[in-house]
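Peer 1: Quick one: the structure is below, questions incoming.
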Amino acid sequence: IDSNPAVLVISGGTIDGNDVTHLGTFDAPMLSNIPNLVYLAPATKEELVEMFDCAVEQESNPVAIKMPSGSVISNGGNVVAFELNKSVVTQQGEKIAILGAGAFYQLAEAVGELVQSQVGIMPTLVNPRFISGVDNQVLTELLKNHELVITLEDGQVEGGFGPKVTRFYGNTAMKVLNFGADKEFTDRTTKKELYEKYELMPNLIIKKIIEILK
């Protein structure tokens, strides 16, 4: 059953201001821990199209695709060839790596700019592309010249993508910060209030980065 190449398109898997009966923050904990299921998180329109094509054509895994929340950005058609269970390093830096999953890749870029301007370091930016596991090769490479990894995900942290990265580095000196939603029900709380509470704004994230680097 876990090799059935079904394709699921997940809409509404995001941190938002819906009422308590329509929350979408629990999608990754629910889906990403099913054996052999690959949960994809496209960051752009081009990635969304390519992931869908790949998911339909492959025959070895059930695949779920997390539709980006809000406006789907376009990068002008430039997309790195997609491979299941492979991430993409979009900017090579040092000391700090920022992994922005799906729609939160834009947040990763914004945080990266603040890291450069306020810390004086060009961080490595990674587009994970899938949140049901980690790219062991990419994470292992970061051990060579990085000391802090930050994960950003549009959903609940517990059971989601971030803790998978934290677990990977468990017996190393790498520091990891996970950002996303708390494990809780909210009821018509505005997105702005939730982002402030969960510290999902660039100015709040950079403060945490500076604190942990002291």
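Scheme for the structure tokens: letters A, B, ... for chains in order shown; per-chain residue numbers from 1; ligand numbers from 1 in order shown.
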Could you list, as JSON, numbers by chain, every residue within 7 Å of A:Val176, counting only C-alpha atoms and ignoring same-chain residues fewer than 6 positions away?
Peer 2: {"A": [148, 149, 150, 166]}
Peer 1: Which polymer residues have any atom within 10 Å of an atom of stretch 209-211 of chain A, counting only C-alpha atoms, with same-chain residues fewer than 4 positions away left out, as a ChimeraX atom specification?
Peer 2: /A:96,111,115,118-119,148-150,177,204-205
Peer 1: Find, counting only C-alpha atoms, the residue in A:Pro123, A:Pro202, A:Gly100, A:Gly24 that gets nearest to A:Thr151.
Peer 2: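 Smallest distance to A:Thr151 is found for A:Gly100.
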Peer 1: List as a VMD selection string the protein and nucleic acid residues near A:Ser132, meaning an atom at most 9 Å away when only C-alpha atoms are counted, but skip any in the same chain fewer than 4 places from it.
Peer 2: chain A and resid 28 to 29 31 to 34 36 to 40 85 160 to 161 164
Peer 1: Go ahead and save the picked residues with N, CA, C and O atoms, as an mmCIF file, in the first residue's frame.
Peer 2:
```cif
data_model
loop_
_atom_site.group_PDB
_atom_site.id
_atom_site.type_symbol
_atom_site.label_atom_id
_atom_site.label_comp_id
_atom_site.auth_asym_id
_atom_site.auth_seq_id
_atom_site.Cartn_x
_atom_site.Cartn_y
_atom_site.Cartn_z
ATOM 1 N N ALA A 28 1.893 18.816 7.790
ATOM 2 C CA ALA A 28 3.183 18.114 7.734
ATOM 3 C C ALA A 28 3.296 17.013 8.785
ATOM 4 O O ALA A 28 3.707 15.896 8.463
ATOM 5 N N PRO A 29 2.919 17.271 10.054
ATOM 6 C CA PRO A 29 2.973 16.175 11.025
ATOM 7 C C PRO A 29 2.089 14.993 10.627
ATOM 8 O O PRO A 29 2.440 13.840 10.891
ATOM 9 N N LEU A 31 1.108 14.095 7.387
ATOM 10 C CA LEU A 31 1.460 13.446 6.129
ATOM 11 C C LEU A 31 2.923 13.033 6.025
ATOM 12 O O LEU A 31 3.241 12.006 5.425
ATOM 13 N N SER A 32 3.809 13.817 6.603
ATOM 14 C CA SER A 32 5.232 13.598 6.344
ATOM 15 C C SER A 32 5.816 12.408 7.085
ATOM 16 O O SER A 32 6.973 12.049 6.875
ATOM 17 N N ASN A 33 5.044 11.797 7.962
ATOM 18 C CA ASN A 33 5.550 10.661 8.719
ATOM 19 C C ASN A 33 4.904 9.334 8.309
ATOM 20 O O ASN A 33 5.074 8.320 8.980
ATOM 21 N N ILE A 34 4.175 9.344 7.197
ATOM 22 C CA ILE A 34 3.615 8.110 6.640
ATOM 23 C C ILE A 34 4.716 7.402 5.850
ATOM 24 O O ILE A 34 5.366 8.015 5.001
ATOM 25 N N ASN A 36 7.078 5.912 3.302
ATOM 26 C CA ASN A 36 7.275 5.971 1.848
ATOM 27 C C ASN A 36 6.550 7.117 1.152
ATOM 28 O O ASN A 36 6.768 7.360 -0.030
ATOM 29 N N LEU A 37 5.680 7.838 1.873
ATOM 30 C CA LEU A 37 5.022 8.983 1.246
ATOM 31 C C LEU A 37 5.988 10.159 1.201
ATOM 32 O O LEU A 37 6.650 10.464 2.196
ATOM 33 N N VAL A 38 6.072 10.786 0.051
ATOM 34 C CA VAL A 38 6.935 11.957 -0.128
ATOM 35 C C VAL A 38 6.052 13.199 -0.139
ATOM 36 O O VAL A 38 5.101 13.290 -0.928
ATOM 37 N N TYR A 39 6.342 14.135 0.769
ATOM 38 C CA TYR A 39 5.556 15.377 0.846
ATOM 39 C C TYR A 39 6.396 16.507 0.279
ATOM 40 O O TYR A 39 7.427 16.880 0.845
ATOM 41 N N LEU A 40 5.964 17.040 -0.846
ATOM 42 C CA LEU A 40 6.710 18.069 -1.559
ATOM 43 C C LEU A 40 6.218 19.463 -1.189
ATOM 44 O O LEU A 40 5.030 19.680 -0.968
ATOM 45 N N ASN A 85 13.283 13.587 -3.087
ATOM 46 C CA ASN A 85 14.131 13.518 -1.894
ATOM 47 C C ASN A 85 15.483 14.219 -2.060
ATOM 48 O O ASN A 85 16.469 13.833 -1.442
ATOM 49 N N GLY A 160 7.010 18.096 12.342
ATOM 50 C CA GLY A 160 7.173 18.608 10.987
ATOM 51 C C GLY A 160 8.586 18.458 10.459
ATOM 52 O O GLY A 160 9.332 17.554 10.847
ATOM 53 N N PHE A 161 8.976 19.407 9.589
ATOM 54 C CA PHE A 161 10.273 19.323 8.914
ATOM 55 C C PHE A 161 11.441 19.669 9.834
ATOM 56 O O PHE A 161 12.460 18.981 9.862
ATOM 57 N N LYS A 164 13.155 17.068 12.058
ATOM 58 C CA LYS A 164 13.913 16.070 11.290
ATOM 59 C C LYS A 164 15.347 16.555 11.074
ATOM 60 O O LYS A 164 16.301 15.771 11.125
#
```
Peer 1: When distances are computed from only C-alpha atoms, which of A:Ala173, A:Ala55, A:Ile15, A:Ala97 shows the smallest separation from A:Glu196?
Peer 2: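 The answer is A:Ile15, which sits nearest to A:Glu196.
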Peer 1: Using DSSP secondary structure from the backbone, list all helix (DSSP H, G or I) positions within stretch 128-181 of chain A, as a PyMOL selection string.
Peer 2: chain A and resi 136-142+161-168
Peer 1: I'd like to know which of A:Val7, A:Ser74, A:Val20, A:Asp187 is closest to A:Asp53, using only C-alpha atoms.
Peer 2: A:Val7
Peer 1: Excluding A:Ala81 and any residue of its chain fewer than 4 positions from it, enumerate the residues within 12 Å of it, using only C-alpha atoms, and give them as a list of chain:residue names.
Peer 2: A:Glu46, A:Glu47, A:Val49, A:Glu50, A:Met51, A:Asp53, A:Cys54, A:Gly77, A:Lys86, A:Ser87, A:Val88, A:Arg129
Peer 1: Go through A:Pro42, A:Glu83, A:Tyr105, A:Gly93 and flag the residue nearest A:Gly120, using only C-alpha atoms for the distances.
Peer 2: A:Gly93
Peer 1: Run DSSP on the backbone and give me the residues of stretch 101-205 of chain A it puts in strand (DSSP E or B), as a list in words.
Peer 2: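 DSSP-assigned strand (DSSP E or B) residues in stretch 101-205 of chain A: Thr124, Leu125, Val126, Asn127, Phe130, His146, Glu147, Leu148, Val149, Ile150, Thr151, Leu152, Glu153, Asp154, Gly155, Gln156, Lys175, Val176, Leu177, Asn178, Phe179, Gly180 and Ala181 of chain A.
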Peer 1: Counting only C-alpha atoms, which of A:Leu23, A:Leu213, A:Ala64, A:Ile98 gets nearest to A:Val165?
Peer 2: A:Ile98
Peer 1: Please, what distance in Å, to one decimal, runs between atom CA of A:Val63 and atom CA of A:Pro5?
Peer 2: 6.8 Å
Peer 1: Name the residues in contact with A:Phe104 at a cut-off of 7 Å, using only C-alpha atoms, excluding same-chain residues fewer than 3 positions from it; report them as a PyMOL selection string.
Peer 2: chain A and resi 100-101+107-108+152-154
Peer 1: Keeping N, CA and C atoms for every residue in the selection just given, could you write it to a file as an mmCIF file, in the first residue's frame?
Peer 2:
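File produced: selection-v3.cif:
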```cif
data_model
loop_
_atom_site.group_PDB
_atom_site.id
_atom_site.type_symbol
_atom_site.label_atom_id
_atom_site.label_comp_id
_atom_site.auth_asym_id
_atom_site.auth_seq_id
_atom_site.Cartn_x
_atom_site.Cartn_y
_atom_site.Cartn_z
ATOM 1 N N GLY A 100 14.395 27.223 3.975
ATOM 2 C CA GLY A 100 13.036 27.747 3.910
ATOM 3 C C GLY A 100 12.150 26.835 3.079
ATOM 4 N N ALA A 101 11.228 26.148 3.725
ATOM 5 C CA ALA A 101 10.407 25.149 3.047
ATOM 6 C C ALA A 101 9.202 25.775 2.355
ATOM 7 N N LEU A 107 10.687 33.856 2.900
ATOM 8 C CA LEU A 107 11.072 34.332 4.230
ATOM 9 C C LEU A 107 12.557 34.067 4.466
ATOM 10 N N ALA A 108 13.032 32.922 4.000
ATOM 11 C CA ALA A 108 14.454 32.598 4.141
ATOM 12 C C ALA A 108 15.321 33.626 3.419
ATOM 13 N N LEU A 152 12.659 27.004 8.502
ATOM 14 C CA LEU A 152 11.440 27.813 8.451
ATOM 15 C C LEU A 152 10.363 27.004 7.745
ATOM 16 N N GLU A 153 9.228 26.789 8.411
ATOM 17 C CA GLU A 153 8.158 26.011 7.781
ATOM 18 C C GLU A 153 6.798 26.628 8.077
ATOM 19 N N ASP A 154 5.938 26.556 7.075
ATOM 20 C CA ASP A 154 4.599 27.141 7.141
ATOM 21 C C ASP A 154 3.632 26.113 7.728
#
```
Peer 1: Skip A:Thr14 itself and residues of its chain fewer than 5 positions away, then list as a PyMOL selection string all residues within 12 Å of it, counting only C-alpha atoms.
Peer 2: chain A and resi 22-28+41+66-70+101-104+153-157+180-181+191+194-195
Peer 1: Quick one: residues within 6 Å of A:Val126, only C-alpha atoms, excluding same-chain residues fewer than 2 positions away - as a list in words?
Peer 2: Val88, Val89, Thr90, Leu99 and Pro128 of chain A
Peer 1: Enter the distance from atom CA of A:Glu193 to atom CA of A:Gly112, in Å, rounded to one decimal.
Peer 2: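 According to the coordinates, atom CA of A:Glu193 and atom CA of A:Gly112 are separated by 22.9 Å.
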